[in-house]
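Shown next, in structure tokens, is the structure this report addresses.
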Amino acid sequence: MKSLLALALLSSVILAQTFHSSTTMVRAEALVEENGHVVTGLQAEDFTVLDDDQPQPIANFGAESGSIRLVLLLDASGSMQPAARQLTQTGLAAMSVLHPDDTVALMTFDKKATVRVPLTADRNAVIAGVSKTLGKPLGGGTDIYHSLSDAAKYLGVSPTAPNVILILTDNAARADTTEAATLHELWASSVSVDALVVSSAPLWDEKVSQSLAGTKMQDVRRITDQTGGVVQQTPDVEGALRAMLERSRTRYTLFFRQPDAAPGTTRHLKVGLSAAGMAKHPNAKVRSRTAYIAQ
């Protein structure tokens, strides 16, 4: 009897593992650009997906811009005061490009992120929240990586709409939070990070960052590169914000079945163009997250 019970338990475990591996779907968003323009009109056969360097068939594909879940993450450190004034005066007119079924949350950050307006489809609530928050004197330190982690945890995993964080910052941050910890949270929540650097100063040079002892220099560009996002540097908040919000809605969505993997492990991911896709757009670049966390 004991042997039969053990066999039954073993069979149930095997069935559960088989069911898990055959039904766990991974979603990857891909932004395709060529010569500075977003590429539209591609089909599933124009893409390839590699999971830990192994080709994976695309099980489902979406080319339409559906709804998105967006966190508008605003740097509230003292160095952002000039950009804050511009944002409250004109920049939020750019939010008109969002669709009615998009949901937006407002978070601000210095050393950590704080939710100012929870996820909502009410644009006026977000606009009022920005005006109220940035109408006050800004100050405090800056921890970009920790704040991005906070925003990713707030969004969580979305079974329906893509997660996007659009961070507005001057990219001036020195803190101890590591890039690796931040990327883990972003990959776990399937978040694409777009960054608008509202500063005319040069972005941090890698050699300068490496020469500093102790506290590390943080660079939002390193995060955008590994989450499939884009970064733009300009003091023109309104025009750039509008363009970046439009771009956030033009990512392709690809689903594939997760190979057998221990839950919680990091899987390397690469989305590219197939031969057919490259024939159509030979100079195109695909932006997608470089890893995901197995379920």
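Note on naming: chains are A, B, ... as they come in the structure tokens, residues start from 1 per chain, ligands start from 1 in the order shown.
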
What's the 9 Å shell around Ala59 in chain A, counting only C-alpha atoms, without same-chain residues fewer than 3 positions away, as a ChimeraX atom specification? /A:25,56,254-257

Excluding same-chain residues fewer than 5 positions from range 80-86 of chain A, what lies within 10 Å of it counting only C-alpha atoms, as a PyMOL selection string? chain A and resi 74-75+91-92+130-131+133-139+168-172+197-199+235-238

How far is it from CA of Gln43 in chain A to CA of Val191 in chain A, in Å with one decimal?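 Result for CA of Gln43 in chain A versus CA of Val191 in chain A: 22.6 Å, one decimal.
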
Go through range 89-142 of chain A and collect every residue that DSSP, computed from the backbone, puts in helix (DSSP H, G or I); the answer should be as an NGL selection string. :A and (89 or 91-97 or 123-134)

Can those selected residues be exported to a file as a CSV table (one decimal), in the first residue's frame so that it contains all heavy atoms?
chain,number,residue,atom,x,y,z
A,89,GLN,N,4.2,73.2,-16.6
A,89,GLN,CA,3.6,74.2,-17.4
A,89,GLN,C,3.2,73.7,-18.8
A,89,GLN,O,2.1,74.0,-19.2
A,89,GLN,CB,4.7,75.3,-17.7
A,89,GLN,CG,5.0,76.2,-16.5
A,89,GLN,CD,6.2,77.0,-16.7
A,89,GLN,OE1,6.8,77.1,-17.7
A,89,GLN,NE2,6.6,77.8,-15.6
A,91,GLY,N,4.6,70.2,-20.3
A,91,GLY,CA,4.9,68.8,-20.6
A,91,GLY,C,3.8,67.9,-20.6
A,91,GLY,O,3.7,66.9,-21.4
A,92,LEU,N,2.8,68.0,-19.7
A,92,LEU,CA,1.8,67.1,-19.6
A,92,LEU,C,0.8,67.1,-20.7
A,92,LEU,O,-0.1,66.2,-20.8
A,92,LEU,CB,1.1,67.2,-18.2
A,92,LEU,CG,1.9,66.6,-17.1
A,92,LEU,CD1,1.3,67.0,-15.7
A,92,LEU,CD2,2.1,65.2,-17.2
A,93,ALA,N,0.8,68.1,-21.6
A,93,ALA,CA,0.0,68.1,-22.8
A,93,ALA,C,0.3,66.9,-23.6
A,93,ALA,O,-0.5,66.4,-24.4
A,93,ALA,CB,0.2,69.4,-23.6
A,94,ALA,N,1.6,66.4,-23.5
A,94,ALA,CA,2.0,65.2,-24.2
A,94,ALA,C,1.2,63.9,-23.9
A,94,ALA,O,1.1,63.0,-24.6
A,94,ALA,CB,3.5,64.9,-24.0
A,95,MET,N,0.5,63.9,-22.7
A,95,MET,CA,-0.2,62.8,-22.3
A,95,MET,C,-1.5,62.5,-23.1
A,95,MET,O,-2.1,61.5,-23.0
A,95,MET,CB,-0.6,62.9,-20.8
A,95,MET,CG,0.6,62.8,-19.9
A,95,MET,SD,0.2,62.7,-18.1
A,95,MET,CE,-0.7,61.1,-18.1
A,96,SER,N,-1.8,63.4,-24.0
A,96,SER,CA,-3.0,63.3,-24.8
A,96,SER,C,-2.8,62.1,-25.8
A,96,SER,O,-3.7,61.6,-26.4
A,96,SER,CB,-3.3,64.6,-25.6
A,96,SER,OG,-2.2,64.9,-26.5
A,97,VAL,N,-1.5,61.6,-26.0
A,97,VAL,CA,-1.3,60.5,-27.0
A,97,VAL,C,-1.7,59.2,-26.3
A,97,VAL,O,-1.8,58.2,-27.1
A,97,VAL,CB,0.2,60.5,-27.4
A,97,VAL,CG1,0.6,61.8,-28.0
A,97,VAL,CG2,1.1,60.1,-26.2
A,123,ARG,N,-6.7,60.8,-16.7
A,123,ARG,CA,-5.6,61.7,-17.0
A,123,ARG,C,-5.5,62.9,-16.1
A,123,ARG,O,-4.5,63.4,-15.7
A,123,ARG,CB,-5.6,62.1,-18.5
A,123,ARG,CG,-5.7,61.0,-19.5
A,123,ARG,CD,-4.4,60.2,-19.6
A,123,ARG,NE,-4.6,59.1,-20.4
A,123,ARG,CZ,-5.0,57.9,-20.0
A,123,ARG,NH1,-5.2,57.7,-18.7
A,123,ARG,NH2,-5.1,56.9,-20.9
A,124,ASN,N,-6.7,63.5,-15.9
A,124,ASN,CA,-6.8,64.7,-15.1
A,124,ASN,C,-6.2,64.5,-13.7
A,124,ASN,O,-5.6,65.4,-13.1
A,124,ASN,CB,-8.2,65.2,-15.0
A,124,ASN,CG,-8.7,65.7,-16.3
A,124,ASN,OD1,-7.9,66.2,-17.1
A,124,ASN,ND2,-10.0,65.6,-16.6
A,125,ALA,N,-6.4,63.3,-13.1
A,125,ALA,CA,-5.9,63.0,-11.8
A,125,ALA,C,-4.4,63.0,-11.8
A,125,ALA,O,-3.7,63.5,-10.9
A,125,ALA,CB,-6.4,61.6,-11.3
A,126,VAL,N,-3.8,62.4,-12.9
A,126,VAL,CA,-2.3,62.4,-13.0
A,126,VAL,C,-1.8,63.8,-13.2
A,126,VAL,O,-0.8,64.2,-12.6
A,126,VAL,CB,-1.9,61.5,-14.2
A,126,VAL,CG1,-0.4,61.5,-14.3
A,126,VAL,CG2,-2.4,60.0,-13.9
A,127,ILE,N,-2.4,64.6,-14.1
A,127,ILE,CA,-1.9,65.9,-14.3
A,127,ILE,C,-2.0,66.8,-13.0
A,127,ILE,O,-1.1,67.5,-12.7
A,127,ILE,CB,-2.8,66.6,-15.4
A,127,ILE,CG1,-2.5,65.9,-16.8
A,127,ILE,CG2,-2.5,68.1,-15.5
A,127,ILE,CD1,-3.4,66.3,-17.9
A,128,ALA,N,-3.1,66.6,-12.3
A,128,ALA,CA,-3.2,67.3,-11.0
A,128,ALA,C,-2.2,66.9,-10.0
A,128,ALA,O,-1.6,67.7,-9.3
A,128,ALA,CB,-4.6,67.1,-10.4
A,129,GLY,N,-1.9,65.6,-10.0
A,129,GLY,CA,-0.8,65.1,-9.1
A,129,GLY,C,0.5,65.6,-9.4
A,129,GLY,O,1.3,65.9,-8.5
A,130,VAL,N,0.9,65.7,-10.7
A,130,VAL,CA,2.2,66.3,-11.1
A,130,VAL,C,2.3,67.7,-10.7
A,130,VAL,O,3.3,68.2,-10.1
A,130,VAL,CB,2.4,66.2,-12.6
A,130,VAL,CG1,3.6,67.0,-13.1
A,130,VAL,CG2,2.5,64.7,-13.0
A,131,SER,N,1.2,68.5,-11.0
A,131,SER,CA,1.2,69.9,-10.6
A,131,SER,C,1.4,70.1,-9.1
A,131,SER,O,2.1,71.0,-8.6
A,131,SER,CB,-0.1,70.6,-11.1
A,131,SER,OG,-0.2,70.5,-12.5
A,132,LYS,N,0.7,69.3,-8.3
A,132,LYS,CA,0.7,69.4,-6.9
A,132,LYS,C,2.1,69.0,-6.3
A,132,LYS,O,2.7,69.7,-5.5
A,132,LYS,CB,-0.3,68.5,-6.2
A,132,LYS,CG,-0.4,68.6,-4.7
A,132,LYS,CD,-1.5,67.7,-4.2
A,132,LYS,CE,-1.5,67.7,-2.6
A,132,LYS,NZ,-2.5,66.8,-2.1
A,133,THR,N,2.6,68.0,-6.9
A,133,THR,CA,3.9,67.4,-6.4
A,133,THR,C,5.1,68.3,-6.8
A,133,THR,O,5.9,68.7,-5.9
A,133,THR,CB,4.2,66.0,-6.9
A,133,THR,OG1,3.1,65.2,-6.5
A,133,THR,CG2,5.5,65.5,-6.4
A,134,LEU,N,5.1,68.7,-8.0
A,134,LEU,CA,6.3,69.5,-8.5
A,134,LEU,C,6.1,71.0,-8.3
A,134,LEU,O,7.1,71.7,-8.5
A,134,LEU,CB,6.5,69.2,-10.0
A,134,LEU,CG,6.8,67.8,-10.4
A,134,LEU,CD1,7.1,67.6,-11.9
A,134,LEU,CD2,8.0,67.2,-9.6

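Across the structure, CA of Asp219 in chain A and CA of Ser149 in chain A are spaced 14.3 Å apart.
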
Go through range 173-280 of chain A and collect every residue that DSSP, computed from the backbone, puts in strand (DSSP E or B); the answer should be as an mmCIF file with N, CA, C and O atoms, in the first residue's frame.
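Wrote part_2.cif, looks like this:
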data_model
loop_
_atom_site.group_PDB
_atom_site.id
_atom_site.type_symbol
_atom_site.label_atom_id
_atom_site.label_comp_id
_atom_site.auth_asym_id
_atom_site.auth_seq_id
_atom_site.Cartn_x
_atom_site.Cartn_y
_atom_site.Cartn_z
ATOM 1 N N ARG A 174 24.237 59.041 -7.299
ATOM 2 C CA ARG A 174 25.281 58.212 -6.708
ATOM 3 C C ARG A 174 24.664 57.494 -5.524
ATOM 4 O O ARG A 174 24.180 58.123 -4.590
ATOM 5 N N ALA A 175 24.637 56.180 -5.576
ATOM 6 C CA ALA A 175 24.014 55.411 -4.501
ATOM 7 C C ALA A 175 24.586 54.003 -4.501
ATOM 8 O O ALA A 175 25.286 53.595 -5.426
ATOM 9 N N VAL A 191 9.129 44.532 -17.219
ATOM 10 C CA VAL A 191 9.016 45.979 -17.388
ATOM 11 C C VAL A 191 10.007 46.473 -18.432
ATOM 12 O O VAL A 191 11.185 46.093 -18.412
ATOM 13 N N SER A 192 9.522 47.325 -19.330
ATOM 14 C CA SER A 192 10.408 48.071 -20.220
ATOM 15 C C SER A 192 10.616 49.455 -19.617
ATOM 16 O O SER A 192 9.650 50.111 -19.231
ATOM 17 N N VAL A 193 11.867 49.892 -19.541
ATOM 18 C CA VAL A 193 12.172 51.203 -18.983
ATOM 19 C C VAL A 193 12.588 52.154 -20.098
ATOM 20 O O VAL A 193 13.573 51.904 -20.802
ATOM 21 N N ASP A 194 11.829 53.216 -20.280
ATOM 22 C CA ASP A 194 12.199 54.316 -21.163
ATOM 23 C C ASP A 194 12.660 55.471 -20.285
ATOM 24 O O ASP A 194 12.115 55.687 -19.197
ATOM 25 N N ALA A 195 13.654 56.210 -20.749
ATOM 26 C CA ALA A 195 14.218 57.278 -19.933
ATOM 27 C C ALA A 195 14.314 58.569 -20.726
ATOM 28 O O ALA A 195 14.829 58.585 -21.844
ATOM 29 N N LEU A 196 13.805 59.633 -20.135
ATOM 30 C CA LEU A 196 13.966 60.970 -20.680
ATOM 31 C C LEU A 196 14.908 61.720 -19.753
ATOM 32 O O LEU A 196 14.563 62.011 -18.606
ATOM 33 N N VAL A 197 16.123 61.969 -20.230
ATOM 34 C CA VAL A 197 17.124 62.668 -19.437
ATOM 35 C C VAL A 197 17.002 64.156 -19.745
ATOM 36 O O VAL A 197 17.359 64.609 -20.833
ATOM 37 N N LYS A 216 28.644 54.255 -5.894
ATOM 38 C CA LYS A 216 28.698 54.053 -7.340
ATOM 39 C C LYS A 216 27.881 55.114 -8.085
ATOM 40 O O LYS A 216 26.837 55.548 -7.631
ATOM 41 N N MET A 217 28.369 55.455 -9.270
ATOM 42 C CA MET A 217 27.614 56.313 -10.158
ATOM 43 C C MET A 217 26.560 55.469 -10.863
ATOM 44 O O MET A 217 26.856 54.386 -11.373
ATOM 45 N N VAL A 231 16.403 55.667 -24.504
ATOM 46 C CA VAL A 231 16.762 56.827 -23.710
ATOM 47 C C VAL A 231 16.949 58.008 -24.650
ATOM 48 O O VAL A 231 17.484 57.862 -25.741
ATOM 49 N N GLN A 232 16.469 59.145 -24.225
ATOM 50 C CA GLN A 232 16.627 60.370 -24.994
ATOM 51 C C GLN A 232 17.056 61.481 -24.053
ATOM 52 O O GLN A 232 16.525 61.601 -22.945
ATOM 53 N N GLN A 233 18.008 62.271 -24.490
ATOM 54 C CA GLN A 233 18.487 63.382 -23.681
ATOM 55 C C GLN A 233 18.143 64.693 -24.364
ATOM 56 O O GLN A 233 18.561 64.953 -25.485
ATOM 57 N N TYR A 252 6.010 45.385 -30.359
ATOM 58 C CA TYR A 252 5.396 44.106 -30.714
ATOM 59 C C TYR A 252 5.388 43.210 -29.475
ATOM 60 O O TYR A 252 6.258 43.318 -28.609
ATOM 61 N N THR A 253 4.410 42.308 -29.410
ATOM 62 C CA THR A 253 4.314 41.367 -28.303
ATOM 63 C C THR A 253 4.460 39.954 -28.823
ATOM 64 O O THR A 253 3.739 39.548 -29.736
ATOM 65 N N LEU A 254 5.411 39.217 -28.264
ATOM 66 C CA LEU A 254 5.665 37.842 -28.671
ATOM 67 C C LEU A 254 5.541 36.929 -27.454
ATOM 68 O O LEU A 254 6.084 37.228 -26.391
ATOM 69 N N PHE A 255 4.829 35.825 -27.636
ATOM 70 C CA PHE A 255 4.697 34.826 -26.574
ATOM 71 C C PHE A 255 5.373 33.531 -27.011
ATOM 72 O O PHE A 255 5.265 33.112 -28.167
ATOM 73 N N PHE A 256 6.080 32.892 -26.078
ATOM 74 C CA PHE A 256 6.628 31.569 -26.329
ATOM 75 C C PHE A 256 6.529 30.746 -25.055
ATOM 76 O O PHE A 256 6.411 31.284 -23.953
ATOM 77 N N ARG A 257 6.553 29.433 -25.211
ATOM 78 C CA ARG A 257 6.451 28.538 -24.064
ATOM 79 C C ARG A 257 7.786 28.469 -23.338
ATOM 80 O O ARG A 257 8.821 28.240 -23.958
ATOM 81 N N THR A 266 17.324 32.969 -13.622
ATOM 82 C CA THR A 266 17.393 33.976 -14.673
ATOM 83 C C THR A 266 17.680 33.304 -16.008
ATOM 84 O O THR A 266 18.642 32.547 -16.134
ATOM 85 N N ARG A 267 16.823 33.582 -16.989
ATOM 86 C CA ARG A 267 16.977 33.015 -18.320
ATOM 87 C C ARG A 267 17.353 34.122 -19.296
ATOM 88 O O ARG A 267 16.720 35.184 -19.317
ATOM 89 N N HIS A 268 18.379 33.897 -20.081
ATOM 90 C CA HIS A 268 18.802 34.892 -21.050
ATOM 91 C C HIS A 268 17.881 34.870 -22.268
ATOM 92 O O HIS A 268 17.487 33.805 -22.748
ATOM 93 N N LEU A 269 17.550 36.039 -22.735
ATOM 94 C CA LEU A 269 16.543 36.188 -23.787
ATOM 95 C C LEU A 269 17.085 37.092 -24.885
ATOM 96 O O LEU A 269 17.709 38.120 -24.603
ATOM 97 N N LYS A 270 16.859 36.697 -26.120
ATOM 98 C CA LYS A 270 17.249 37.546 -27.243
ATOM 99 C C LYS A 270 16.173 37.484 -28.317
ATOM 100 O O LYS A 270 15.866 36.409 -28.837
ATOM 101 N N VAL A 271 15.610 38.624 -28.627
ATOM 102 C CA VAL A 271 14.628 38.741 -29.706
ATOM 103 C C VAL A 271 15.307 39.446 -30.873
ATOM 104 O O VAL A 271 15.918 40.516 -30.692
ATOM 105 N N GLY A 272 15.234 38.851 -32.037
ATOM 106 C CA GLY A 272 15.859 39.440 -33.220
ATOM 107 C C GLY A 272 14.978 39.295 -34.433
ATOM 108 O O GLY A 272 13.833 38.814 -34.344
ATOM 109 N N LEU A 273 15.485 39.719 -35.564
ATOM 110 C CA LEU A 273 14.760 39.577 -36.822
ATOM 111 C C LEU A 273 15.215 38.313 -37.542
ATOM 112 O O LEU A 273 16.408 37.980 -37.550
#
